[in-house]
Amino acid sequence: MLRKQFMNWCNEGERIDEIGFGSLRLIQKPEDFCYGIDAVLLASFAEVKRGSRVIDLGTGTGIIPLILSHKTEADEILGVELQQDSYERGLRNIELNHLHDRVKLIHSDVKDILGDKNINPQSFDAVLSNPPYMKGNGGLKNQKDAKTIARHETTAGLSDFIGTAASLLKDKGDFYLVHRPSRLVDICILCRQNKLEPKELRLVSPNRNRKPNILLMHCVKHGRPELKFLDPLYVYEENGCYTEEILRIYERK
């Protein structure tokens with residue numbers, strides 16, 4: 001009976017996954033795109049204060065706002081998503097999890113969000129983003145448009161995400177980003193150009209014998225120059241099981 005009830009929320013090709021974090025569930029369409037560990041790590045990395053107003057740029061189906069609704073006491077959590085299908089799926093995710101009072105989505109390109117009548121510059125305490133990692137002309141592009149847009153800078157580039165984050169943040173507001181280590185120099189340069197001072201950096205590796213393939217960056221708007229390197233994070237033990245810290249992040253311990 002319960003399974004039948006949940007399937008009423010789904011369109012063709014979709015499924016509902018129980019993702020943990022309390023009783024959160026997520027409607028996904030594997031043919032388009034499914035969230036990965038990057039989103040979970042970013043939501044865990046961000047230190048969102050009680051009563052904050054938060055926005056996630058490039059939210060997909062709303063995975064980061066959903067996790068933040070469980071992990072934090074933010075008053076309002078917004079997500080910005082360009083793709084129509086992902087946006088509509090995200091709206092259903094909000095209703096499925098009864099979060100319409102705290103979580104809202106905006107259908108917009110990141111670089112156009114400041115033109116939205118409901119968005120005021122310098123009005124957010126924290127901005128998060130898990131943007132496309134690959135430059136528009138780089139990498140192997142998937143033939144599926146949804147995956148191409150999710151993985152490649154097709155409309156908005158890294159500079160747009162960082163510039164928009166800076167415009168949305170209050171003075172001393174926090175910007176949290178997950179990206180690839182190969183873009184570290186670009187990230188630091190763009191952040192400083194936009195008055196977002198890099199304050200904390202954490203590198204993530206598949207295991208202790210592999211090079212980092214994910215970075216987590218925390219910046220503060222108009223912060224003082226000083227970058228702290230946090231302890232590295234390892235995803236898997238040598239036996240292929242999640243490390244203790246990853247299990248804690250996923251709330252499985």
# chains A, B, ... in the order shown; residues from 1 in each chain; ligands from 1

call {"tool": "residues_around", "arguments": {"residues": "region 36-44 of chain A", "least_positions_apart": "3", "cutoff": "10 Å", "atoms": "only C-alpha atoms", "output": "ChimeraX atom specification"}}
result
/A:33,47-48,56,59,62-69,71-72,128-130,176-179,204,214-218,233,235,246,248-250

call {"tool": "write_last_selection", "arguments": {"atoms": "N, CA and C atoms", "output": "compact mmCIF listing (two decimals), in the first residue's frame"}}
result
# COMPACT_ATOMS: atom_id res chain seq x y z
N PHE A 33 19.55 12.22 -14.36
CA PHE A 33 20.68 12.46 -13.46
C PHE A 33 20.28 12.08 -12.05
N GLU A 47 28.35 25.04 7.41
CA GLU A 47 27.92 25.34 8.78
C GLU A 47 26.87 26.45 8.71
N VAL A 48 25.63 26.02 8.68
CA VAL A 48 24.51 26.95 8.54
C VAL A 48 23.93 27.26 9.91
N ASP A 56 20.83 27.60 -2.62
CA ASP A 56 21.67 26.62 -3.31
C ASP A 56 21.58 26.87 -4.81
N THR A 59 20.52 23.56 -8.05
CA THR A 59 20.09 22.60 -7.03
C THR A 59 19.62 21.26 -7.58
N GLY A 62 16.76 19.25 -5.86
CA GLY A 62 16.62 19.79 -4.52
C GLY A 62 17.29 18.99 -3.42
N ILE A 63 18.26 18.16 -3.78
CA ILE A 63 18.87 17.28 -2.78
C ILE A 63 19.54 18.07 -1.65
N ILE A 64 20.29 19.12 -1.98
CA ILE A 64 20.99 19.87 -0.94
C ILE A 64 20.02 20.62 -0.03
N PRO A 65 19.02 21.35 -0.56
CA PRO A 65 18.04 21.96 0.35
C PRO A 65 17.33 20.95 1.24
N LEU A 66 17.03 19.76 0.72
CA LEU A 66 16.37 18.75 1.53
C LEU A 66 17.26 18.31 2.69
N ILE A 67 18.52 18.03 2.40
CA ILE A 67 19.43 17.59 3.46
C ILE A 67 19.64 18.71 4.48
N LEU A 68 19.76 19.95 4.00
CA LEU A 68 19.93 21.08 4.92
C LEU A 68 18.71 21.25 5.81
N SER A 69 17.53 20.94 5.30
CA SER A 69 16.32 21.06 6.11
C SER A 69 16.37 20.10 7.29
N LYS A 71 19.49 18.79 8.56
CA LYS A 71 20.71 18.98 9.34
C LYS A 71 20.79 20.33 10.04
N THR A 72 20.03 21.32 9.59
CA THR A 72 20.17 22.68 10.11
C THR A 72 18.84 23.23 10.61
N LEU A 128 25.33 28.03 -1.18
CA LEU A 128 26.01 26.77 -1.49
C LEU A 128 25.91 26.53 -2.99
N SER A 129 26.87 25.78 -3.52
CA SER A 129 26.79 25.42 -4.92
C SER A 129 27.60 24.17 -5.25
N ASN A 130 26.97 23.29 -6.01
CA ASN A 130 27.61 22.12 -6.60
C ASN A 130 27.45 22.27 -8.11
N TYR A 176 29.86 28.22 0.25
CA TYR A 176 30.37 26.85 0.30
C TYR A 176 30.27 26.24 -1.09
N LEU A 177 31.38 25.68 -1.56
CA LEU A 177 31.47 25.17 -2.93
C LEU A 177 32.09 23.79 -2.94
N VAL A 178 31.56 22.91 -3.77
CA VAL A 178 32.21 21.62 -4.05
C VAL A 178 32.59 21.61 -5.51
N HIS A 179 33.83 21.17 -5.80
CA HIS A 179 34.31 21.20 -7.19
C HIS A 179 35.45 20.19 -7.33
N VAL A 204 39.14 15.74 -0.78
CA VAL A 204 38.49 14.44 -0.61
C VAL A 204 39.09 13.45 -1.60
N ILE A 214 37.93 15.52 -5.25
CA ILE A 214 36.88 16.48 -4.86
C ILE A 214 37.50 17.50 -3.92
N LEU A 215 37.09 18.76 -4.04
CA LEU A 215 37.49 19.76 -3.04
C LEU A 215 36.25 20.43 -2.48
N LEU A 216 36.33 20.78 -1.22
CA LEU A 216 35.31 21.54 -0.53
C LEU A 216 35.92 22.86 -0.09
N MET A 217 35.30 23.96 -0.49
CA MET A 217 35.84 25.29 -0.19
C MET A 217 34.82 26.12 0.57
N HIS A 218 35.30 26.80 1.61
CA HIS A 218 34.48 27.74 2.36
C HIS A 218 35.09 29.13 2.23
N LEU A 233 39.74 14.07 3.68
CA LEU A 233 38.62 13.15 3.90
C LEU A 233 38.75 11.99 2.92
N VAL A 235 36.93 8.53 1.38
CA VAL A 235 35.59 7.97 1.21
C VAL A 235 35.53 6.49 1.56
N ILE A 246 32.59 8.99 6.66
CA ILE A 246 31.55 9.00 5.63
C ILE A 246 30.26 8.41 6.19
N ARG A 248 29.29 8.54 9.23
CA ARG A 248 28.70 9.56 10.12
C ARG A 248 28.01 10.65 9.29
N ILE A 249 28.66 11.05 8.19
CA ILE A 249 28.08 12.08 7.33
C ILE A 249 26.73 11.63 6.79
N TYR A 250 26.65 10.36 6.40
CA TYR A 250 25.39 9.81 5.89
C TYR A 250 24.43 9.41 7.02

call {"tool": "select_by_dssp", "arguments": {"residues": "region 65-236 of chain A", "states": "strand (DSSP E)", "output": "number ranges by chain"}}
result
A: 76-81, 103-107, 124-129, 169-179, 196-205, 214-221, 228-229, 233-234

call {"tool": "write_last_selection", "arguments": {"atoms": "N, CA and C atoms", "output": "CSV table (one decimal), in the first residue's frame"}}
result
chain,number,residue,atom,x,y,z
A,76,GLU,N,14.8,29.6,6.1
A,76,GLU,CA,14.4,29.5,4.7
A,76,GLU,C,15.5,29.0,3.9
A,77,ILE,N,15.2,28.0,3.0
A,77,ILE,CA,16.2,27.4,2.1
A,77,ILE,C,15.7,27.4,0.7
A,78,LEU,N,16.4,28.1,-0.2
A,78,LEU,CA,16.0,28.2,-1.5
A,78,LEU,C,16.9,27.4,-2.4
A,79,GLY,N,16.4,26.9,-3.5
A,79,GLY,CA,17.2,26.3,-4.6
A,79,GLY,C,16.9,26.9,-5.9
A,80,VAL,N,17.9,27.1,-6.7
A,80,VAL,CA,17.8,27.6,-8.1
A,80,VAL,C,18.2,26.6,-9.1
A,81,GLU,N,17.3,26.3,-10.0
A,81,GLU,CA,17.5,25.3,-11.0
A,81,GLU,C,17.0,25.7,-12.4
A,103,VAL,N,11.3,25.2,2.4
A,103,VAL,CA,12.1,25.0,1.2
A,103,VAL,C,11.3,25.4,0.0
A,104,LYS,N,12.0,26.2,-0.8
A,104,LYS,CA,11.3,26.7,-2.1
A,104,LYS,C,12.3,26.6,-3.2
A,105,LEU,N,11.8,26.5,-4.4
A,105,LEU,CA,12.7,26.4,-5.6
A,105,LEU,C,12.3,27.6,-6.6
A,106,ILE,N,13.3,28.0,-7.3
A,106,ILE,CA,13.2,29.1,-8.3
A,106,ILE,C,13.7,28.5,-9.6
A,107,HIS,N,12.8,28.7,-10.6
A,107,HIS,CA,13.2,28.2,-12.0
A,107,HIS,C,13.9,29.3,-12.7
A,124,PHE,N,21.3,37.0,1.7
A,124,PHE,CA,21.4,35.6,2.2
A,124,PHE,C,22.6,35.5,3.1
A,125,ASP,N,22.4,34.7,4.2
A,125,ASP,CA,23.5,34.4,5.1
A,125,ASP,C,24.5,33.4,4.6
A,126,ALA,N,24.0,32.5,3.7
A,126,ALA,CA,24.9,31.4,3.2
A,126,ALA,C,24.4,31.1,1.8
A,127,VAL,N,25.4,30.8,0.9
A,127,VAL,CA,25.2,30.3,-0.4
A,127,VAL,C,26.0,29.0,-0.6
A,128,LEU,N,25.3,28.0,-1.2
A,128,LEU,CA,26.0,26.8,-1.5
A,128,LEU,C,25.9,26.5,-3.0
A,129,SER,N,26.9,25.8,-3.5
A,129,SER,CA,26.8,25.4,-4.9
A,129,SER,C,27.6,24.2,-5.2
A,169,LEU,N,25.1,37.3,-1.2
A,169,LEU,CA,25.5,37.2,0.2
A,169,LEU,C,25.5,38.6,0.9
A,170,LYS,N,25.2,38.5,2.2
A,170,LYS,CA,25.4,39.6,3.1
A,170,LYS,C,26.8,39.8,3.4
A,171,ASP,N,27.2,40.9,3.9
A,171,ASP,CA,28.6,41.1,4.3
A,171,ASP,C,28.9,40.1,5.4
A,172,LYS,N,30.1,39.4,5.3
A,172,LYS,CA,30.5,38.3,6.2
A,172,LYS,C,29.7,37.1,6.0
A,173,GLY,N,28.9,37.0,4.9
A,173,GLY,CA,28.2,35.8,4.7
A,173,GLY,C,29.1,34.7,4.2
A,174,ASP,N,28.6,33.4,4.2
A,174,ASP,CA,29.4,32.2,3.9
A,174,ASP,C,29.1,31.6,2.6
A,175,PHE,N,30.1,31.3,1.8
A,175,PHE,CA,29.9,30.6,0.5
A,175,PHE,C,30.6,29.3,0.6
A,176,TYR,N,29.9,28.2,0.3
A,176,TYR,CA,30.4,26.9,0.3
A,176,TYR,C,30.3,26.2,-1.1
A,177,LEU,N,31.4,25.7,-1.6
A,177,LEU,CA,31.5,25.2,-2.9
A,177,LEU,C,32.1,23.8,-2.9
A,178,VAL,N,31.6,22.9,-3.8
A,178,VAL,CA,32.2,21.6,-4.0
A,178,VAL,C,32.6,21.6,-5.5
A,179,HIS,N,33.8,21.2,-5.8
A,179,HIS,CA,34.3,21.2,-7.2
A,179,HIS,C,35.5,20.2,-7.3
A,196,LEU,N,35.2,37.3,-2.2
A,196,LEU,CA,34.9,36.1,-1.4
A,196,LEU,C,36.3,35.5,-1.0
A,197,GLU,N,36.6,35.7,0.3
A,197,GLU,CA,38.0,35.3,0.7
A,197,GLU,C,38.0,33.8,1.1
A,198,PRO,N,38.8,32.9,0.4
A,198,PRO,CA,38.9,31.5,0.8
A,198,PRO,C,39.4,31.4,2.2
A,199,LYS,N,38.6,30.7,3.0
A,199,LYS,CA,39.0,30.5,4.5
A,199,LYS,C,39.3,29.1,4.8
A,200,GLU,N,38.6,28.1,4.2
A,200,GLU,CA,38.9,26.7,4.6
A,200,GLU,C,38.8,25.9,3.3
A,201,LEU,N,39.7,24.9,3.2
A,201,LEU,CA,39.8,24.0,2.1
A,201,LEU,C,39.9,22.6,2.6
A,202,ARG,N,39.1,21.7,2.1
A,202,ARG,CA,39.2,20.3,2.4
A,202,ARG,C,39.2,19.4,1.1
A,203,LEU,N,40.2,18.6,1.0
A,203,LEU,CA,40.4,17.7,-0.1
A,203,LEU,C,39.8,16.3,0.2
A,204,VAL,N,39.1,15.7,-0.8
A,204,VAL,CA,38.5,14.4,-0.6
A,204,VAL,C,39.1,13.4,-1.6
A,205,SER,N,39.5,12.3,-1.1
A,205,SER,CA,40.1,11.2,-1.9
A,205,SER,C,39.2,10.0,-1.8
A,214,ILE,N,37.9,15.5,-5.2
A,214,ILE,CA,36.9,16.5,-4.9
A,214,ILE,C,37.5,17.5,-3.9
A,215,LEU,N,37.1,18.8,-4.0
A,215,LEU,CA,37.5,19.8,-3.0
A,215,LEU,C,36.3,20.4,-2.5
A,216,LEU,N,36.3,20.8,-1.2
A,216,LEU,CA,35.3,21.5,-0.5
A,216,LEU,C,35.9,22.9,-0.1
A,217,MET,N,35.3,24.0,-0.5
A,217,MET,CA,35.8,25.3,-0.2
A,217,MET,C,34.8,26.1,0.6
A,218,HIS,N,35.3,26.8,1.6
A,218,HIS,CA,34.5,27.7,2.4
A,218,HIS,C,35.1,29.1,2.2
A,219,CYS,N,34.3,30.1,1.8
A,219,CYS,CA,34.8,31.5,1.7
A,219,CYS,C,33.8,32.4,2.5
A,220,VAL,N,34.4,33.5,2.9
A,220,VAL,CA,33.6,34.5,3.6
A,220,VAL,C,33.7,35.8,2.8
A,221,LYS,N,32.5,36.4,2.6
A,221,LYS,CA,32.5,37.7,1.9
A,221,LYS,C,33.1,38.8,2.7
A,228,LYS,N,42.9,28.0,5.7
A,228,LYS,CA,43.2,26.9,6.6
A,228,LYS,C,42.9,25.6,5.8
A,229,PHE,N,43.9,24.7,5.8
A,229,PHE,CA,43.7,23.4,5.2
A,229,PHE,C,43.2,22.4,6.2
A,233,LEU,N,39.7,14.1,3.7
A,233,LEU,CA,38.6,13.2,3.9
A,233,LEU,C,38.8,12.0,2.9
A,234,TYR,N,38.6,10.8,3.4
A,234,TYR,CA,38.7,9.6,2.6
A,234,TYR,C,37.3,8.9,2.6

call {"tool": "select_by_dssp", "arguments": {"residues": "region 38-198 of chain A", "states": "helix (DSSP H, G or I)", "output": "VMD selection string"}}
result
chain A and resid 38 to 45 63 to 71 84 to 96 110 to 115 145 to 151 158 to 168 181 to 193

call {"tool": "residues_around", "arguments": {"residues": "region 108-123 of chain A", "least_positions_apart": "6", "cutoff": "9 Å", "atoms": "only C-alpha atoms", "output": "number ranges by chain"}}
result
A: 53, 57-58, 80-83, 155-157, 160-161, 163-164, 166-171, 173

call {"tool": "atom_distance", "arguments": {"atom1": "CA of Glu12 (chain A)", "atom2": "CA of Pro132 (chain A)"}}
result
25.8 Å

call {"tool": "atom_distance", "arguments": {"atom1": "CA of Ile16 (chain A)", "atom2": "CA of Gln28 (chain A)"}}
result
6.3 Å

call {"tool": "closest_residue", "arguments": {"among": "A:Arg224, A:Glu88, A:Pro206, A:Arg252", "to": "Gly240 (chain A)", "atoms": "only C-alpha atoms"}}
result
A:Pro206

call {"tool": "residues_around", "arguments": {"residues": "Arg89 (chain A)", "least_positions_apart": "2", "cutoff": "9 Å", "atoms": "only C-alpha atoms", "output": "ChimeraX atom specification"}}
result
/A:10,27-29,60-62,84-87,91-94

call {"tool": "residues_around", "arguments": {"residues": "Leu24 (chain A)", "least_positions_apart": "2", "cutoff": "9 Å", "atoms": "only C-alpha atoms", "output": "tab-separated table (two decimals) with C-alpha atoms, in the first residue's frame"}}
result
chain	number	residue	atom	x	y	z
A	17	ASP	CA	14.71	6.61	-3.10
A	18	GLU	CA	14.88	6.60	0.68
A	19	ILE	CA	18.05	8.63	1.23
A	20	GLY	CA	18.23	8.60	5.01
A	21	PHE	CA	18.64	11.89	6.88
A	22	GLY	CA	15.57	11.28	8.96
A	26	LEU	CA	13.86	11.76	-3.21
A	66	LEU	CA	16.37	18.75	1.53
A	67	ILE	CA	19.43	17.59	3.46
A	70	HIS	CA	17.21	18.00	8.19
A	96	LEU	CA	6.62	14.61	-0.82
A	97	ASN	CA	8.69	15.51	2.25
